[in-house]
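**Student:** Sending over a structure as structure tokens; questions will come in a sec.
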Amino acid sequence: MNGYSVAVVGATGAVGTKIIKMLENAAFPIKEVRLLSSKRSAGKKLVFKDTEIEVQETTEDSFSGIDIALFSAGGDISKKFAPEAVKHGAIVIDNTSAYRMDPEVPLVVPEVNPEALEKHSGIIANPNCSTIQMVAALHPIRKAFGLDRVIVSTYQAVSGAGNSALKEMYDQAQQMMDDKPYEANILPAGGDKKHFPIAFNALPQIDVFDEKGYTKEEWKMTNETKKIMGDDAIKLSATCVRIPVAYGHSESVYIEVKDTTASVEKIRDILRKAPGVTLEDDPSEQMYPTALTAENKKDVFVGRIRKDLDDEAGYHMWIVSDNLLKGAAWNTVQIAEKMHELNLIQPSSIK
């Protein structure tokens with residue numbers, strides 16, 4: 001049987017399980033799916049196309065015969081095992097921050113910069129979830145009118161911090177409603193000194209701060225956007241906030257375009273035709289995207305497009321997407337699909 005042998009590293013995690021689901025309808029032939037995890041999770045069984053597959057521990061020898069390795073198990077795991085997968089002949093698509101800013105590693109959103117895939121050395125990086133949805137919406141606008149400045153405030157779901165953070169949010173909410181003591185051990189950043197409750201709260205910190213007062217998440221959005229768009233001249237700043245939503249990141253985005261012939265209707269028309277984008281924008285009918293309506297959907301949703309009241313080049317919009325799908329699992333599988341489409345990879349069975 002011709003087809004790709006695909007490994008999913010971090011198969012039992014929140015993103016890993018979504019990757020497995022996305023692979024069921026992938027636009028390339030699959031001969032084998034190999035599910036890999038930590039030693040602790042090895043032995044569990046997960047389902048791919050109605051077939052139970054036992055999860056194996058990730059080792060240096062796990063990638064023998066693998067064509068595509070999809071990593072979503074944390075940066076340390078990627079740094080340890082991605083080079084091993086490449087040595088075995090696999091193409092690695094990494095969903096962590098380990099290789100995103102490596103100048104030798106393409107950082108790819110297929111609707112934006114698929115041409116970058118032609119210059120890989122075995123590893124391709126999947127961008128940060130909040131970056132992906134923003135650049136997918138802004139890219140077609142930038143192509144039409146240029147892009148000078150971006151100011152974004154994010155409203156990010158708790159699932160972005162993992163299943164343990166989700167459980168803590170649910171526990172806190174129940175404890176607060178029952179007027180019982182509650183604990184905060186995870187958010188806003190596991191490695192920081194203090195932790196605060198997320199239930200019924202908003203935390204203006206995702207990851208740790210640097211000496212300039214920005215968090216790592218905010219720097220990711222800034223630096224990754226410039227790399228993906230291939231334009232260091234774009235002025236961009238971000239404020240990233242965690243809110244008590246389970247799934248779906250929302251973003252309030254202000255842009256300044258270079259071509260002042262732009263208009264709200266022209267931008268709407270461009271986004272209606274943009275691949276991977278769904279326009280939901282009719283204030284008269286209260287039509288705009290929300291995290292709940294975007295959940296379990298692959299697209300990036302855009303609404304609330306309006307002209308700035310003071311700057312003729314300025315526009316505001318609201319961008320929403322499922323952070324575990326387009327923000328992670330779906331974009332990862334899309335990259336593999338695009339490589340297959342561009343004949344940049346062949347199954348080992350026909351090499």
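Lettering and numbering for the structure tokens are positional, with chains as A, B, ... in the shown order, residues counted from 1 in each chain, and ligands counted from 1 in the shown order.
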Sort by chain and increasing residue number a table of all residues of stretch 30-145 of chain A within 12 Å of stretch 342-347 of chain A, each with its closest pair of atoms and their distance in Å to one decimal, counting only C-alpha atoms, and write it as a Markdown table.

**Tutor:**
```
| residue | atom | partner | partner_atom | distance |
| --- | --- | --- | --- | --- |
| A:Ile30 | CA | A:Pro347 | CA | 8.8 |
| A:Lys31 | CA | A:Pro347 | CA | 8.9 |
| A:Glu32 | CA | A:Pro347 | CA | 10.8 |
| A:Gly65 | CA | A:Pro347 | CA | 9.7 |
| A:Ile66 | CA | A:Pro347 | CA | 8.9 |
| A:Asp67 | CA | A:Pro347 | CA | 6.2 |
| A:Ile68 | CA | A:Pro347 | CA | 8.8 |
| A:Gly89 | CA | A:Ile345 | CA | 10.6 |
| A:Ala90 | CA | A:Ile345 | CA | 9.5 |
| A:Ile91 | CA | A:Ile345 | CA | 8.0 |
| A:Val92 | CA | A:Ile345 | CA | 11.4 |
| A:Pro110 | CA | A:Leu342 | CA | 11.5 |
| A:Pro114 | CA | A:Leu342 | CA | 9.2 |
| A:Glu115 | CA | A:Leu342 | CA | 9.4 |
| A:Ala116 | CA | A:Leu344 | CA | 11.4 |
| A:Leu117 | CA | A:Leu344 | CA | 8.0 |
| A:Glu118 | CA | A:Leu344 | CA | 7.1 |
| A:Lys119 | CA | A:Leu344 | CA | 10.0 |
| A:His120 | CA | A:Leu344 | CA | 9.8 |
| A:Ser121 | CA | A:Leu344 | CA | 11.7 |
| A:Gly122 | CA | A:Ile345 | CA | 10.5 |
```

**Student:** Would you list the contacts of A:Thr293 as number ranges by chain, taking every protein, DNA or RNA residue within 10 Å and counting only C-alpha atoms, but skipping same-chain residues closer than 5 positions in sequence?

**Tutor:** A: 248, 288, 301, 320-322

**Student:** Would you mind exporting the chosen residues as a PDB file, in the first residue's frame, restricted to all heavy atoms?

**Tutor:**
```
ATOM      1  N   GLY A 248     -10.872  28.700  21.958  1.00  0.00           N
ATOM      2  CA  GLY A 248     -11.079  29.792  21.021  1.00  0.00           C
ATOM      3  C   GLY A 248     -10.437  31.080  21.478  1.00  0.00           C
ATOM      4  O   GLY A 248     -10.822  31.657  22.496  1.00  0.00           O
ATOM      5  N   TYR A 288     -21.179  38.808  14.445  1.00  0.00           N
ATOM      6  CA  TYR A 288     -19.740  38.902  14.646  1.00  0.00           C
ATOM      7  C   TYR A 288     -19.279  37.563  15.222  1.00  0.00           C
ATOM      8  O   TYR A 288     -20.072  36.802  15.786  1.00  0.00           O
ATOM      9  CB  TYR A 288     -19.376  40.054  15.582  1.00  0.00           C
ATOM     10  CG  TYR A 288     -20.262  40.183  16.801  1.00  0.00           C
ATOM     11  CD1 TYR A 288     -20.133  39.311  17.887  1.00  0.00           C
ATOM     12  CD2 TYR A 288     -21.242  41.173  16.864  1.00  0.00           C
ATOM     13  CE1 TYR A 288     -20.947  39.421  18.994  1.00  0.00           C
ATOM     14  CE2 TYR A 288     -22.060  41.291  17.976  1.00  0.00           C
ATOM     15  CZ  TYR A 288     -21.896  40.419  19.035  1.00  0.00           C
ATOM     16  OH  TYR A 288     -22.720  40.535  20.138  1.00  0.00           O
ATOM     17  N   PHE A 301     -12.193  33.467  11.759  1.00  0.00           N
ATOM     18  CA  PHE A 301     -13.412  34.253  11.604  1.00  0.00           C
ATOM     19  C   PHE A 301     -13.110  35.728  11.901  1.00  0.00           C
ATOM     20  O   PHE A 301     -12.421  36.047  12.867  1.00  0.00           O
ATOM     21  CB  PHE A 301     -14.501  33.738  12.548  1.00  0.00           C
ATOM     22  CG  PHE A 301     -14.911  32.323  12.244  1.00  0.00           C
ATOM     23  CD1 PHE A 301     -14.192  31.250  12.755  1.00  0.00           C
ATOM     24  CD2 PHE A 301     -15.995  32.065  11.428  1.00  0.00           C
ATOM     25  CE1 PHE A 301     -14.555  29.935  12.464  1.00  0.00           C
ATOM     26  CE2 PHE A 301     -16.369  30.762  11.130  1.00  0.00           C
ATOM     27  CZ  PHE A 301     -15.641  29.697  11.647  1.00  0.00           C
ATOM     28  N   VAL A 320     -11.240  35.743  15.449  1.00  0.00           N
ATOM     29  CA  VAL A 320     -11.476  34.621  16.367  1.00  0.00           C
ATOM     30  C   VAL A 320     -11.144  33.305  15.655  1.00  0.00           C
ATOM     31  O   VAL A 320     -11.425  33.140  14.467  1.00  0.00           O
ATOM     32  CB  VAL A 320     -12.944  34.586  16.839  1.00  0.00           C
ATOM     33  CG1 VAL A 320     -13.170  33.451  17.837  1.00  0.00           C
ATOM     34  CG2 VAL A 320     -13.343  35.922  17.460  1.00  0.00           C
ATOM     35  N   SER A 321     -10.554  32.378  16.403  1.00  0.00           N
ATOM     36  CA  SER A 321     -10.292  31.049  15.838  1.00  0.00           C
ATOM     37  C   SER A 321     -10.136  30.040  16.961  1.00  0.00           C
ATOM     38  O   SER A 321      -9.772  30.397  18.087  1.00  0.00           O
ATOM     39  CB  SER A 321      -9.028  31.076  14.973  1.00  0.00           C
ATOM     40  OG  SER A 321      -8.888  29.885  14.240  1.00  0.00           O
ATOM     41  N   ASP A 322     -10.396  28.772  16.651  1.00  0.00           N
ATOM     42  CA  ASP A 322     -10.182  27.691  17.609  1.00  0.00           C
ATOM     43  C   ASP A 322      -8.675  27.488  17.758  1.00  0.00           C
ATOM     44  O   ASP A 322      -7.997  27.072  16.820  1.00  0.00           O
ATOM     45  CB  ASP A 322     -10.858  26.408  17.109  1.00  0.00           C
ATOM     46  CG  ASP A 322     -10.817  25.284  18.134  1.00  0.00           C
ATOM     47  OD1 ASP A 322      -9.757  25.090  18.773  1.00  0.00           O
ATOM     48  OD2 ASP A 322     -11.828  24.570  18.292  1.00  0.00           O
TER      49      ASP A 322
END
```

**Student:** For A:Val241, list every protein, DNA or RNA residue within 8 Å, evaluated using only C-alpha atoms, and leave out those in the same chain fewer than 5 positions away; present the list as an MDAnalysis selection string.

**Tutor:** chainID A and resid 153:156 202:206

**Student:** So that I can see what lies close to stretch 220-235 of chain A, please list as a ChimeraX atom specification the residues with an atom at most 6 Å from it, counting only C-alpha atoms and leaving out residues fewer than 2 positions away in the same chain.

**Tutor:** /A:131,148-149,217-218

**Student:** Output N, CA and C atoms for every residue in the selection just made, as a CSV table (one decimal), in the first residue's frame.

**Tutor:**
```csv
chain,number,residue,atom,x,y,z
A,131,THR,N,-0.7,34.0,16.8
A,131,THR,CA,-0.1,34.6,15.5
A,131,THR,C,-0.8,34.1,14.3
A,148,ASP,N,1.3,48.8,7.6
A,148,ASP,CA,2.4,49.7,8.2
A,148,ASP,C,2.4,49.4,9.7
A,149,ARG,N,1.3,49.2,10.4
A,149,ARG,CA,1.3,49.1,11.8
A,149,ARG,C,0.2,48.1,12.2
A,217,GLU,N,4.9,35.6,25.2
A,217,GLU,CA,3.8,35.5,24.3
A,217,GLU,C,3.7,36.7,23.4
A,218,GLU,N,3.8,37.9,23.9
A,218,GLU,CA,3.7,39.1,23.2
A,218,GLU,C,4.9,39.2,22.2
```

**Student:** Can you pull out every residue within 8 Å of A:Met317, counting only C-alpha atoms, but drop anything in the same chain fewer than 4 positions away, and send it as a PyMOL selection string?

**Tutor:** chain A and resi 252-254+302-306

**Student:** Can you write out the residues you just picked, keeping all heavy atoms, as a compact mmCIF listing (two decimals), in the first residue's frame?

**Tutor:**
```
# COMPACT_ATOMS: atom_id res chain seq x y z
N SER A 252 -8.61 41.65 19.34
CA SER A 252 -8.96 42.97 18.87
C SER A 252 -7.73 43.54 18.17
O SER A 252 -6.69 43.73 18.79
CB SER A 252 -9.38 43.87 20.04
OG SER A 252 -9.58 45.20 19.59
N VAL A 253 -7.86 43.76 16.85
CA VAL A 253 -6.69 44.13 16.05
C VAL A 253 -6.91 45.49 15.39
O VAL A 253 -7.93 45.70 14.71
CB VAL A 253 -6.41 43.06 14.97
CG1 VAL A 253 -5.17 43.44 14.16
CG2 VAL A 253 -6.22 41.69 15.62
N TYR A 254 -5.96 46.39 15.60
CA TYR A 254 -5.95 47.68 14.92
C TYR A 254 -4.80 47.67 13.92
O TYR A 254 -3.67 47.29 14.25
CB TYR A 254 -5.74 48.82 15.92
CG TYR A 254 -5.44 50.16 15.27
CD1 TYR A 254 -6.44 50.90 14.66
CD2 TYR A 254 -4.13 50.66 15.26
CE1 TYR A 254 -6.16 52.12 14.06
CE2 TYR A 254 -3.85 51.89 14.67
CZ TYR A 254 -4.87 52.61 14.06
OH TYR A 254 -4.59 53.81 13.46
N VAL A 302 -13.64 36.61 11.04
CA VAL A 302 -13.37 38.04 11.17
C VAL A 302 -14.67 38.83 11.15
O VAL A 302 -15.57 38.55 10.34
CB VAL A 302 -12.45 38.54 10.04
CG1 VAL A 302 -12.05 40.01 10.29
CG2 VAL A 302 -11.19 37.68 9.94
N GLY A 303 -14.77 39.82 12.02
CA GLY A 303 -15.94 40.70 12.05
C GLY A 303 -15.58 42.03 12.70
O GLY A 303 -14.41 42.33 12.95
N ARG A 304 -16.61 42.86 12.95
CA ARG A 304 -16.45 44.18 13.56
C ARG A 304 -15.43 45.04 12.82
O ARG A 304 -14.67 45.80 13.43
CB ARG A 304 -16.05 44.07 15.03
CG ARG A 304 -17.00 43.34 15.94
CD ARG A 304 -18.03 44.13 16.71
NE ARG A 304 -18.02 45.56 16.63
CZ ARG A 304 -17.70 46.39 17.64
NH1 ARG A 304 -17.33 45.91 18.81
NH2 ARG A 304 -17.78 47.69 17.46
N ILE A 305 -15.38 44.94 11.49
CA ILE A 305 -14.44 45.75 10.71
C ILE A 305 -14.99 47.18 10.64
O ILE A 305 -16.13 47.39 10.23
CB ILE A 305 -14.26 45.17 9.30
CG1 ILE A 305 -13.74 43.73 9.38
CG2 ILE A 305 -13.30 46.04 8.48
CD1 ILE A 305 -13.78 42.99 8.07
N ARG A 306 -14.18 48.14 11.05
CA ARG A 306 -14.63 49.53 11.04
C ARG A 306 -13.42 50.45 10.92
O ARG A 306 -12.31 50.10 11.32
CB ARG A 306 -15.42 49.84 12.32
CG ARG A 306 -14.64 49.63 13.59
CD ARG A 306 -15.56 49.30 14.77
NE ARG A 306 -14.85 49.24 16.02
CZ ARG A 306 -14.20 48.17 16.47
NH1 ARG A 306 -14.16 47.06 15.74
NH2 ARG A 306 -13.58 48.18 17.63
```

**Student:** Using only C-alpha atoms, which residues sit within 10 Å of A:Val158 once same-chain residues fewer than 4 positions away are excluded, as a PyMOL selection string?

**Tutor:** chain A and resi 162-169+187-188+198-199+242-249+323

**Student:** Store the residues picked out above, limited to all heavy atoms, as a compact mmCIF listing (two decimals), in the first residue's frame.

**Tutor:**
```
# COMPACT_ATOMS: atom_id res chain seq x y z
N GLY A 162 -3.05 24.21 28.39
CA GLY A 162 -3.09 22.77 28.62
C GLY A 162 -4.30 22.30 29.40
O GLY A 162 -5.05 23.08 29.99
N ASN A 163 -4.46 20.98 29.41
CA ASN A 163 -5.63 20.38 30.06
C ASN A 163 -5.64 20.61 31.57
O ASN A 163 -6.71 20.74 32.18
CB ASN A 163 -5.66 18.87 29.78
CG ASN A 163 -6.06 18.57 28.34
OD1 ASN A 163 -6.78 19.33 27.71
ND2 ASN A 163 -5.57 17.45 27.82
N SER A 164 -4.46 20.67 32.19
CA SER A 164 -4.42 20.89 33.63
C SER A 164 -4.93 22.28 34.00
O SER A 164 -5.59 22.46 35.03
CB SER A 164 -3.01 20.68 34.18
OG SER A 164 -2.09 21.54 33.52
N ALA A 165 -4.65 23.26 33.14
CA ALA A 165 -5.15 24.62 33.38
C ALA A 165 -6.66 24.67 33.22
O ALA A 165 -7.35 25.37 33.97
CB ALA A 165 -4.47 25.60 32.43
N LEU A 166 -7.17 23.94 32.23
CA LEU A 166 -8.63 23.87 32.06
C LEU A 166 -9.30 23.29 33.29
O LEU A 166 -10.30 23.82 33.78
CB LEU A 166 -8.97 23.00 30.85
CG LEU A 166 -9.18 23.66 29.50
CD1 LEU A 166 -9.50 22.60 28.45
CD2 LEU A 166 -10.28 24.71 29.54
N LYS A 167 -8.74 22.19 33.78
CA LYS A 167 -9.32 21.56 34.97
C LYS A 167 -9.28 22.52 36.16
O LYS A 167 -10.25 22.61 36.93
CB LYS A 167 -8.58 20.27 35.31
CG LYS A 167 -9.19 19.53 36.51
CD LYS A 167 -8.44 18.25 36.83
CE LYS A 167 -9.15 17.48 37.96
NZ LYS A 167 -9.35 18.29 39.18
N GLU A 168 -8.17 23.24 36.32
CA GLU A 168 -8.08 24.18 37.43
C GLU A 168 -9.14 25.28 37.31
O GLU A 168 -9.73 25.68 38.32
CB GLU A 168 -6.68 24.79 37.49
CG GLU A 168 -6.50 25.71 38.69
CD GLU A 168 -5.04 26.07 38.95
OE1 GLU A 168 -4.35 25.25 39.59
OE2 GLU A 168 -4.61 27.15 38.50
N MET A 169 -9.39 25.76 36.08
CA MET A 169 -10.43 26.78 35.89
C MET A 169 -11.80 26.24 36.31
O MET A 169 -12.55 26.91 37.03
CB MET A 169 -10.48 27.24 34.43
CG MET A 169 -11.60 28.25 34.17
SD MET A 169 -11.74 28.77 32.44
CE MET A 169 -12.38 27.28 31.66
N LEU A 187 -1.73 29.29 36.39
CA LEU A 187 -1.74 30.53 35.62
C LEU A 187 -1.38 31.73 36.49
O LEU A 187 -1.58 31.69 37.71
CB LEU A 187 -3.13 30.73 35.00
CG LEU A 187 -3.54 29.64 34.00
CD1 LEU A 187 -4.97 29.85 33.56
CD2 LEU A 187 -2.61 29.64 32.79
N PRO A 188 -0.83 32.78 35.88
CA PRO A 188 -0.70 33.03 34.45
C PRO A 188 0.46 32.34 33.76
O PRO A 188 0.47 32.18 32.55
CB PRO A 188 -0.54 34.54 34.38
CG PRO A 188 0.11 34.90 35.67
CD PRO A 188 -0.45 33.96 36.68
N ILE A 198 -8.07 32.00 37.41
CA ILE A 198 -8.56 32.43 36.09
C ILE A 198 -10.08 32.44 36.06
O ILE A 198 -10.69 33.19 35.28
CB ILE A 198 -7.99 31.53 34.97
CG1 ILE A 198 -8.41 32.03 33.59
CG2 ILE A 198 -8.41 30.07 35.16
CD1 ILE A 198 -7.95 33.42 33.26
N ALA A 199 -10.74 31.65 36.91
CA ALA A 199 -12.20 31.64 36.93
C ALA A 199 -12.73 33.04 37.27
O ALA A 199 -12.26 33.67 38.23
CB ALA A 199 -12.72 30.63 37.94
N ARG A 242 -5.19 36.29 29.21
CA ARG A 242 -5.89 35.01 29.37
C ARG A 242 -7.25 35.29 30.00
O ARG A 242 -7.35 36.01 31.00
CB ARG A 242 -5.09 34.08 30.27
CG ARG A 242 -5.62 32.65 30.32
CD ARG A 242 -5.23 31.84 29.10
NE ARG A 242 -3.81 31.53 29.09
CZ ARG A 242 -3.20 30.96 28.06
NH1 ARG A 242 -3.87 30.65 26.96
NH2 ARG A 242 -1.90 30.70 28.10
N ILE A 243 -8.30 34.72 29.42
CA ILE A 243 -9.65 34.91 29.95
C ILE A 243 -10.29 33.54 30.20
O ILE A 243 -9.85 32.53 29.65
CB ILE A 243 -10.53 35.75 28.99
CG1 ILE A 243 -10.71 35.05 27.65
CG2 ILE A 243 -9.94 37.15 28.83
CD1 ILE A 243 -11.75 35.69 26.76
N PRO A 244 -11.35 33.48 31.03
CA PRO A 244 -11.95 32.20 31.39
C PRO A 244 -12.88 31.63 30.32
O PRO A 244 -14.08 31.44 30.52
CB PRO A 244 -12.71 32.52 32.69
CG PRO A 244 -13.04 33.97 32.57
CD PRO A 244 -11.89 34.60 31.83
N VAL A 245 -12.30 31.37 29.16
CA VAL A 245 -12.96 30.70 28.04
C VAL A 245 -12.21 29.40 27.81
O VAL A 245 -10.97 29.38 27.89
CB VAL A 245 -12.93 31.59 26.78
CG1 VAL A 245 -13.27 30.81 25.53
CG2 VAL A 245 -13.87 32.77 26.95
N ALA A 246 -12.91 28.32 27.51
CA ALA A 246 -12.25 27.03 27.35
C ALA A 246 -11.47 26.95 26.05
O ALA A 246 -10.28 26.63 26.03
CB ALA A 246 -13.27 25.90 27.45
N TYR A 247 -12.16 27.22 24.92
CA TYR A 247 -11.54 27.06 23.60
C TYR A 247 -11.86 28.27 22.73
O TYR A 247 -12.97 28.79 22.77
CB TYR A 247 -12.07 25.80 22.91
CG TYR A 247 -11.89 24.54 23.71
CD1 TYR A 247 -12.94 24.01 24.46
CD2 TYR A 247 -10.66 23.88 23.73
CE1 TYR A 247 -12.77 22.86 25.22
CE2 TYR A 247 -10.49 22.74 24.49
CZ TYR A 247 -11.54 22.23 25.23
OH TYR A 247 -11.37 21.10 25.98
N GLY A 248 -10.87 28.70 21.96
CA GLY A 248 -11.08 29.79 21.02
C GLY A 248 -10.44 31.08 21.48
O GLY A 248 -10.82 31.66 22.50
N HIS A 249 -9.41 31.51 20.73
CA HIS A 249 -8.77 32.79 21.01
C HIS A 249 -9.48 33.90 20.24
O HIS A 249 -9.83 33.73 19.07
CB HIS A 249 -7.30 32.77 20.57
CG HIS A 249 -6.41 31.92 21.40
ND1 HIS A 249 -6.80 31.34 22.59
CD2 HIS A 249 -5.11 31.54 21.22
CE1 HIS A 249 -5.79 30.66 23.10
NE2 HIS A 249 -4.76 30.77 22.28
N ASN A 323 -8.15 27.77 18.93
CA ASN A 323 -6.70 27.73 19.15
C ASN A 323 -6.11 26.34 19.03
O ASN A 323 -4.91 26.19 18.77
CB ASN A 323 -6.35 28.33 20.51
CG ASN A 323 -7.10 27.65 21.65
OD1 ASN A 323 -8.33 27.69 21.71
ND2 ASN A 323 -6.38 27.03 22.57
```

**Student:** Near A:Ser78, within 9 Å and counting only C-alpha atoms, which residues show up once chain neighbours fewer than 5 positions away are dropped, as a ChimeraX atom specification?

**Tutor:** /A:9,71-73,83,94-96,98-99

**Student:** Which is closest to A:Leu279 among A:Ala137, A:Ala184, A:Val33, A:Val257, if we use only C-alpha atoms?

**Tutor:**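 So, comparing all the options, the nearest one is A:Ala137.
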
**Student:** Using only C-alpha atoms, which of the listed residues (A:Gln334, A:Ile319, A:Ala238, A:Ala274) sits closest to A:Pro289?

**Tutor:**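 Among A:Gln334, A:Ile319, A:Ala238, A:Ala274, it is A:Ile319 that comes nearest to A:Pro289.
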